[in-house]
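Novice: Structure file target-v3.txt, compact mmCIF, C-alpha atoms, is pasted below:
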```
# COMPACT_ATOMS: atom_id res chain seq x y z
CA MET A 3 -2.92 53.55 82.43
CA ILE A 4 -0.44 55.79 80.64
CA ILE A 5 0.31 56.95 77.13
CA ASP A 6 3.98 56.81 76.18
CA ASN A 7 5.06 58.24 72.85
CA GLY A 8 1.50 57.94 71.55
CA TRP A 9 1.07 54.30 72.65
CA LEU A 10 -1.29 53.14 75.38
CA ASP A 11 0.55 50.91 77.83
CA ILE A 12 -2.35 48.45 78.32
CA ALA A 13 -2.94 47.89 74.60
CA ASN A 14 -1.71 44.99 72.52
CA LYS A 15 0.24 46.56 69.67
CA VAL A 16 -0.73 45.48 66.17
CA PRO A 17 1.03 48.11 64.02
CA SER A 18 -0.86 49.11 60.90
CA PRO A 19 0.80 50.55 57.81
CA ASN A 20 -2.35 52.61 57.23
CA PHE A 21 -1.42 55.94 58.76
CA ASN A 22 0.51 59.09 58.01
CA GLN A 23 1.66 62.26 59.71
CA ARG A 24 -0.85 64.74 61.02
CA PRO A 25 -0.56 68.19 59.44
CA LYS A 26 2.24 70.16 61.04
CA GLY A 27 1.12 71.93 64.21
CA MET A 28 -2.26 70.16 64.25
CA ALA A 29 -3.62 69.70 67.78
CA ILE A 30 -5.49 66.52 68.67
CA ASP A 31 -8.86 67.78 69.82
CA LEU A 32 -11.53 65.26 68.81
CA LEU A 33 -12.39 61.70 69.83
CA VAL A 34 -14.50 59.66 67.40
CA ILE A 35 -16.26 56.46 68.51
CA HIS A 36 -16.87 53.77 65.87
CA ASN A 37 -17.98 50.16 65.76
CA ILE A 38 -16.77 47.22 63.73
CA SER A 39 -17.41 43.51 63.42
CA LEU A 40 -16.06 41.19 60.76
CA PRO A 41 -17.97 39.50 59.33
CA ALA A 42 -20.86 41.80 60.23
CA GLY A 43 -22.43 40.76 63.52
CA GLU A 44 -19.71 38.21 64.35
CA PHE A 45 -17.20 38.77 67.13
CA GLY A 46 -13.74 37.44 67.90
CA GLY A 47 -11.21 36.12 65.44
CA ASP A 48 -8.47 37.95 63.59
CA ALA A 49 -10.43 39.61 60.77
CA ILE A 50 -10.33 43.14 62.25
CA ASN A 51 -6.59 42.92 62.84
CA ALA A 52 -6.19 41.56 59.31
CA LEU A 53 -8.24 44.40 57.81
CA PHE A 54 -6.26 47.09 59.62
CA THR A 55 -2.93 45.49 58.62
CA ASN A 56 -3.83 44.77 54.96
CA ARG A 57 -3.91 40.98 55.45
CA LEU A 58 -7.64 40.27 55.12
CA ASP A 59 -8.16 37.14 53.03
CA PRO A 60 -11.17 37.66 50.71
CA SER A 61 -11.73 33.91 50.45
CA LEU A 62 -12.64 33.60 54.16
CA HIS A 63 -16.07 35.24 53.88
CA PRO A 64 -18.10 36.58 50.93
CA SER A 65 -18.31 40.08 52.48
CA PHE A 66 -14.52 40.33 52.66
CA ALA A 67 -14.30 40.53 48.86
CA GLU A 68 -15.77 44.05 49.07
CA ILE A 69 -13.38 45.34 51.72
CA TYR A 70 -10.10 43.43 51.67
CA GLN A 71 -8.34 46.05 49.54
CA LEU A 72 -9.35 49.00 51.75
CA LYS A 73 -6.51 50.87 53.40
CA VAL A 74 -8.07 51.73 56.76
CA SER A 75 -7.12 51.78 60.41
CA ALA A 76 -8.11 53.11 63.79
CA HIS A 77 -6.02 54.06 66.74
CA LEU A 78 -7.67 51.55 69.06
CA LEU A 79 -10.09 48.63 69.11
CA ILE A 80 -11.89 47.58 72.28
CA ARG A 81 -13.07 43.99 71.90
CA ARG A 82 -16.24 42.57 73.48
CA GLN A 83 -14.38 41.43 76.62
CA ALA A 84 -12.46 44.73 76.83
CA GLU A 85 -9.17 43.57 75.33
CA VAL A 86 -7.53 46.62 73.75
CA MET A 87 -5.63 46.60 70.48
CA GLN A 88 -3.65 49.60 69.21
CA TYR A 89 -2.86 49.95 65.52
CA VAL A 90 -1.55 53.50 65.20
CA SER A 91 0.18 55.87 67.61
CA PHE A 92 -2.11 58.66 68.77
CA GLU A 93 0.53 61.07 67.48
CA HIS A 94 -0.11 59.86 63.92
CA ARG A 95 -3.11 60.19 61.64
CA ALA A 96 -5.05 56.91 61.51
CA TRP A 97 -7.40 56.40 58.56
CA HIS A 98 -10.71 55.91 60.37
CA ALA A 99 -13.04 58.81 59.58
CA GLY A 100 -12.88 59.10 55.79
CA VAL A 101 -14.73 62.04 54.30
CA SER A 102 -15.85 63.82 57.44
CA SER A 103 -16.62 67.12 59.12
CA PHE A 104 -17.05 68.21 62.74
CA GLN A 105 -18.59 71.60 63.51
CA GLY A 106 -17.76 72.78 59.99
CA ARG A 107 -14.15 71.59 60.11
CA GLU A 108 -13.28 69.03 57.41
CA ASN A 109 -10.92 66.03 57.45
CA CYS A 110 -11.44 64.75 61.00
CA ASN A 111 -8.57 62.27 60.65
CA ASP A 112 -6.21 65.25 60.79
CA TYR A 113 -7.14 66.13 64.39
CA ALA A 114 -9.04 63.13 65.78
CA ILE A 115 -8.36 59.91 67.61
CA GLY A 116 -10.52 57.01 66.42
CA ILE A 117 -11.62 54.21 68.74
CA GLU A 118 -13.47 51.19 67.39
CA LEU A 119 -15.74 49.12 69.62
CA GLU A 120 -16.26 45.54 68.55
CA GLY A 121 -19.99 45.63 67.96
CA THR A 122 -22.83 46.64 65.69
CA ASP A 123 -25.27 49.53 65.43
CA THR A 124 -28.09 47.35 66.77
CA MET A 125 -26.58 45.06 69.44
CA ASP A 126 -25.90 46.24 72.97
CA TYR A 127 -22.26 46.87 73.79
CA GLU A 128 -20.78 45.06 76.77
CA LEU A 129 -20.52 46.91 80.11
CA VAL A 130 -16.80 46.10 80.23
CA GLN A 131 -16.39 47.86 76.87
CA TYR A 132 -17.98 51.03 78.24
CA GLN A 133 -15.84 50.82 81.37
CA LYS A 134 -12.63 50.38 79.37
CA LEU A 135 -13.65 53.11 76.91
CA ALA A 136 -14.32 55.48 79.81
CA LYS A 137 -10.92 54.83 81.42
CA ILE A 138 -9.16 55.25 78.09
CA THR A 139 -11.11 58.45 77.41
CA GLN A 140 -10.02 59.87 80.77
CA CYS A 141 -6.40 58.99 79.99
CA LEU A 142 -6.65 60.54 76.52
CA ARG A 143 -8.18 63.72 77.92
CA GLN A 144 -5.30 64.05 80.39
CA THR A 145 -2.74 63.62 77.61
CA TYR A 146 -4.66 65.63 74.99
CA PRO A 147 -6.58 68.23 77.05
CA LYS A 148 -8.17 69.85 73.99
CA ILE A 149 -10.49 66.81 73.77
CA SER A 150 -13.27 68.38 75.82
CA LEU A 151 -16.52 66.54 76.54
CA ASP A 152 -18.23 68.36 73.67
CA ARG A 153 -15.50 67.12 71.33
CA ILE A 154 -16.34 63.44 71.73
CA THR A 155 -18.63 62.16 69.00
CA GLY A 156 -19.67 59.20 66.90
CA HIS A 157 -18.73 58.38 63.33
CA GLN A 158 -22.40 58.85 62.46
CA HIS A 159 -22.16 62.50 63.51
CA ILE A 160 -19.10 63.38 61.41
CA ALA A 161 -20.18 61.45 58.28
CA PRO A 162 -24.00 61.39 58.67
CA LYS A 163 -24.99 60.48 55.13
CA ARG A 164 -22.31 57.81 54.90
CA LYS A 165 -21.93 56.17 58.33
CA THR A 166 -24.24 55.02 61.13
CA ASP A 167 -21.82 53.84 63.83
CA PRO A 168 -21.62 53.44 66.75
CA GLY A 169 -25.37 53.36 66.20
CA ALA A 170 -28.54 53.48 68.25
CA SER A 171 -27.25 50.72 70.52
CA PHE A 172 -24.49 52.95 71.92
CA ASP A 173 -25.56 54.44 75.25
CA TRP A 174 -24.08 57.94 75.14
CA GLU A 175 -25.70 58.94 78.44
CA TYR A 176 -24.14 56.00 80.29
CA TYR A 177 -20.73 56.57 78.65
CA PHE A 178 -20.71 60.28 79.59
CA ARG A 179 -21.73 59.42 83.17
CA LEU A 180 -18.72 57.12 83.37
CA ILE A 181 -16.23 59.69 82.10
CA ARG A 182 -17.54 62.48 84.32
```
Take the structure I supplied and represent it as structure tokens, if you would.
Specialist:
Amino acid sequence: MIIDNGWLDIANKVPSPNFNQRPKGMAIDLLVIHNISLPAGEFGGDAINALFTNRLDPSLHPSFAEIYQLKVSAHLLIRRQAEVMQYVSFEHRAWHAGVSSFQGRENCNDYAIGIELEGTDTMDYELVQYQKLAKITQCLRQTYPKISLDRITGHQHIAPKRKTDPGASFDWEYYFRLIR
């Protein structure tokens, strides 16, 4: 597994228009884990790709009417069976964290990489997702060595009053055992 020009070689590329440049001289030093399922609790399909590429059809599900106009993205998505999608180069600023703060530092999108796991706060993640996430994390840490173990966190920790993902179902202890 290698990263070439900000793109992970094993990922299926689905370029999103929802990104911009990181602030000049900004080091990548945070990894944020998220979850997503569209519709909520349903897996598979093209809805996540459609959301991150501004193609989500609001007529396909009632919940899509609330989100189809959002301009959001993540760097990666790891699906339930460990297929990896990449929307934004790691060198660019994906729009995944929103209003956020880590250790008193605002605007996490400026310095973070965001990885979505296909899942929910309350359903167990698949073992293959953890395994793929761990391998990707190791690769990211080699490429971006400022992402230390204490600079890997969940969306819930950088936006605690606003977000709850990856949720109580994410096994942080198991994940950290895998990446050590």
Novice: Can you tell me how far CA of Ala96 (chain A) sits from CA of Val16 (chain A), in Å to one decimal?
Specialist: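 Computed distance, CA of Ala96 (chain A) to CA of Val16 (chain A), equals 13.1 Å.
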Novice: Contacts of Leu72 (chain A) at 9 Å or less, counting all atoms listed in the file, minus same-chain residues fewer than 4 places along, as a list in words?
Specialist: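 In the requested form, the answer reads Leu53, Phe54, Asn56 and Glu68 of chain A.
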Novice: Hey, what's within 8 Å of Ile181 (chain A) if we count only C-alpha atoms and toss same-chain stuff fewer than 4 positions away? As a list in words, please?
Specialist: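 Near Ile181 (chain A), the qualifying residues are Ala136, Lys137, Thr139, Gln140 and Tyr177 of chain A.
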Novice: If the box runs along x, y and z of the file and leaves 5 Å on each side of region 79-92 of chain A, what are its centre and edge lengths in Å, one decimal, as JSON?
Specialist:
```
{"center_x": -8.0, "center_y": 50.0, "center_z": 71.0, "size_x": 26.4, "size_y": 27.2, "size_z": 21.6}
```
Novice: For a test of reading the model, state the distance in Å between CA of Tyr127 (chain A) and CA of Arg164 (chain A), rounded to one decimal.
Specialist: 21.8 Å
Novice: Please measure the separation of CA of Asp126 (chain A) and CA of Asn111 (chain A), giving the value in Å to one decimal.
Specialist: 26.6 Å
Novice: Got a sec to check which residues sit within 9 Å of (-4.7, 46.4, 77.5), counting only C-alpha atoms, and write them as a PyMOL selection string?
Specialist: chain A and resi 3+10-14+80+84-88
Novice: Identify which of the residues A:Leu142, A:Ile35, A:Trp97, A:Gln105 lies closest to Ile117 (chain A), counting only C-alpha atoms when measuring atom-to-atom distances.
Specialist: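 Using only C-alpha atoms, Ile117 (chain A) sits closest to A:Ile35.
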Novice: Give me the residues within 9 Å of Pro147 (chain A) as a list in words, counting all atoms listed in the file and dropping any in the same chain fewer than 4 places off.
Specialist: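 With the cut-off at 9 Å, the set is Ile30, Asp31, Leu142 and Arg143 of chain A.
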Novice: Fix up region 38-49 of chain A with all heavy atoms, then write it as a PDB file, in the coordinates of the input.
Specialist:
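Output saved as selection-v4.pdb:
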```
ATOM      1  N   ILE A  38     -17.184  48.114  64.801  1.00  0.00           N
ATOM      2  CA  ILE A  38     -16.770  47.220  63.730  1.00  0.00           C
ATOM      3  C   ILE A  38     -16.994  45.785  64.180  1.00  0.00           C
ATOM      4  O   ILE A  38     -16.831  45.459  65.357  1.00  0.00           O
ATOM      5  CB  ILE A  38     -15.291  47.446  63.333  1.00  0.00           C
ATOM      6  CG1 ILE A  38     -14.922  46.670  62.065  1.00  0.00           C
ATOM      7  CG2 ILE A  38     -14.360  47.124  64.497  1.00  0.00           C
ATOM      8  CD1 ILE A  38     -13.571  47.053  61.464  1.00  0.00           C
ATOM      9  N   SER A  39     -17.389  44.959  63.238  1.00  0.00           N
ATOM     10  CA  SER A  39     -17.410  43.510  63.420  1.00  0.00           C
ATOM     11  C   SER A  39     -17.194  42.896  62.045  1.00  0.00           C
ATOM     12  O   SER A  39     -17.710  43.386  61.057  1.00  0.00           O
ATOM     13  CB  SER A  39     -18.733  43.038  64.035  1.00  0.00           C
ATOM     14  OG  SER A  39     -19.839  43.392  63.237  1.00  0.00           O
ATOM     15  N   LEU A  40     -16.379  41.863  62.029  1.00  0.00           N
ATOM     16  CA  LEU A  40     -16.060  41.190  60.760  1.00  0.00           C
ATOM     17  C   LEU A  40     -16.053  39.682  60.959  1.00  0.00           C
ATOM     18  O   LEU A  40     -15.303  39.199  61.803  1.00  0.00           O
ATOM     19  CB  LEU A  40     -14.683  41.624  60.237  1.00  0.00           C
ATOM     20  CG  LEU A  40     -14.555  43.064  59.767  1.00  0.00           C
ATOM     21  CD1 LEU A  40     -13.120  43.366  59.366  1.00  0.00           C
ATOM     22  CD2 LEU A  40     -15.491  43.356  58.622  1.00  0.00           C
ATOM     23  N   PRO A  41     -16.882  38.995  60.166  1.00  0.00           N
ATOM     24  CA  PRO A  41     -17.970  39.500  59.330  1.00  0.00           C
ATOM     25  C   PRO A  41     -19.003  40.254  60.184  1.00  0.00           C
ATOM     26  O   PRO A  41     -19.010  40.129  61.403  1.00  0.00           O
ATOM     27  CB  PRO A  41     -18.587  38.249  58.712  1.00  0.00           C
ATOM     28  CG  PRO A  41     -17.616  37.140  58.934  1.00  0.00           C
ATOM     29  CD  PRO A  41     -16.783  37.524  60.100  1.00  0.00           C
ATOM     30  N   ALA A  42     -19.875  40.976  59.527  1.00  0.00           N
ATOM     31  CA  ALA A  42     -20.860  41.800  60.230  1.00  0.00           C
ATOM     32  C   ALA A  42     -21.642  40.951  61.230  1.00  0.00           C
ATOM     33  O   ALA A  42     -22.159  39.888  60.893  1.00  0.00           O
ATOM     34  CB  ALA A  42     -21.805  42.450  59.230  1.00  0.00           C
ATOM     35  N   GLY A  43     -21.675  41.438  62.473  1.00  0.00           N
ATOM     36  CA  GLY A  43     -22.430  40.760  63.520  1.00  0.00           C
ATOM     37  C   GLY A  43     -21.718  39.593  64.172  1.00  0.00           C
ATOM     38  O   GLY A  43     -22.268  38.956  65.065  1.00  0.00           O
ATOM     39  N   GLU A  44     -20.490  39.298  63.751  1.00  0.00           N
ATOM     40  CA  GLU A  44     -19.710  38.210  64.350  1.00  0.00           C
ATOM     41  C   GLU A  44     -18.533  38.816  65.100  1.00  0.00           C
ATOM     42  O   GLU A  44     -17.910  39.767  64.644  1.00  0.00           O
ATOM     43  CB  GLU A  44     -19.219  37.242  63.279  1.00  0.00           C
ATOM     44  CG  GLU A  44     -20.351  36.485  62.599  1.00  0.00           C
ATOM     45  CD  GLU A  44     -19.858  35.469  61.579  1.00  0.00           C
ATOM     46  OE1 GLU A  44     -18.706  34.990  61.703  1.00  0.00           O
ATOM     47  OE2 GLU A  44     -20.627  35.164  60.651  1.00  0.00           O
ATOM     48  N   PHE A  45     -18.232  38.223  66.261  1.00  0.00           N
ATOM     49  CA  PHE A  45     -17.200  38.770  67.130  1.00  0.00           C
ATOM     50  C   PHE A  45     -16.086  37.760  67.344  1.00  0.00           C
ATOM     51  O   PHE A  45     -16.291  36.560  67.252  1.00  0.00           O
ATOM     52  CB  PHE A  45     -17.797  39.210  68.463  1.00  0.00           C
ATOM     53  CG  PHE A  45     -18.970  40.132  68.307  1.00  0.00           C
ATOM     54  CD1 PHE A  45     -20.172  39.845  68.915  1.00  0.00           C
ATOM     55  CD2 PHE A  45     -18.875  41.281  67.534  1.00  0.00           C
ATOM     56  CE1 PHE A  45     -21.261  40.692  68.776  1.00  0.00           C
ATOM     57  CE2 PHE A  45     -19.953  42.136  67.385  1.00  0.00           C
ATOM     58  CZ  PHE A  45     -21.158  41.838  68.002  1.00  0.00           C
ATOM     59  N   GLY A  46     -14.898  38.297  67.674  1.00  0.00           N
ATOM     60  CA  GLY A  46     -13.740  37.440  67.900  1.00  0.00           C
ATOM     61  C   GLY A  46     -13.000  37.218  66.593  1.00  0.00           C
ATOM     62  O   GLY A  46     -13.317  37.781  65.550  1.00  0.00           O
ATOM     63  N   GLY A  47     -11.981  36.415  66.636  1.00  0.00           N
ATOM     64  CA  GLY A  47     -11.210  36.120  65.440  1.00  0.00           C
ATOM     65  C   GLY A  47     -10.213  37.221  65.110  1.00  0.00           C
ATOM     66  O   GLY A  47     -10.069  38.199  65.843  1.00  0.00           O
ATOM     67  N   ASP A  48      -9.564  37.060  63.984  1.00  0.00           N
ATOM     68  CA  ASP A  48      -8.470  37.950  63.590  1.00  0.00           C
ATOM     69  C   ASP A  48      -8.830  38.878  62.431  1.00  0.00           C
ATOM     70  O   ASP A  48      -7.994  39.611  61.947  1.00  0.00           O
ATOM     71  CB  ASP A  48      -7.243  37.098  63.212  1.00  0.00           C
ATOM     72  CG  ASP A  48      -5.987  37.945  63.048  1.00  0.00           C
ATOM     73  OD1 ASP A  48      -5.681  38.738  63.974  1.00  0.00           O
ATOM     74  OD2 ASP A  48      -5.326  37.832  61.992  1.00  0.00           O
ATOM     75  N   ALA A  49     -10.079  38.870  61.985  1.00  0.00           N
ATOM     76  CA  ALA A  49     -10.430  39.610  60.770  1.00  0.00           C
ATOM     77  C   ALA A  49     -10.220  41.120  60.913  1.00  0.00           C
ATOM     78  O   ALA A  49      -9.773  41.771  59.964  1.00  0.00           O
ATOM     79  CB  ALA A  49     -11.868  39.317  60.357  1.00  0.00           C
TER      80      ALA A  49
END
```
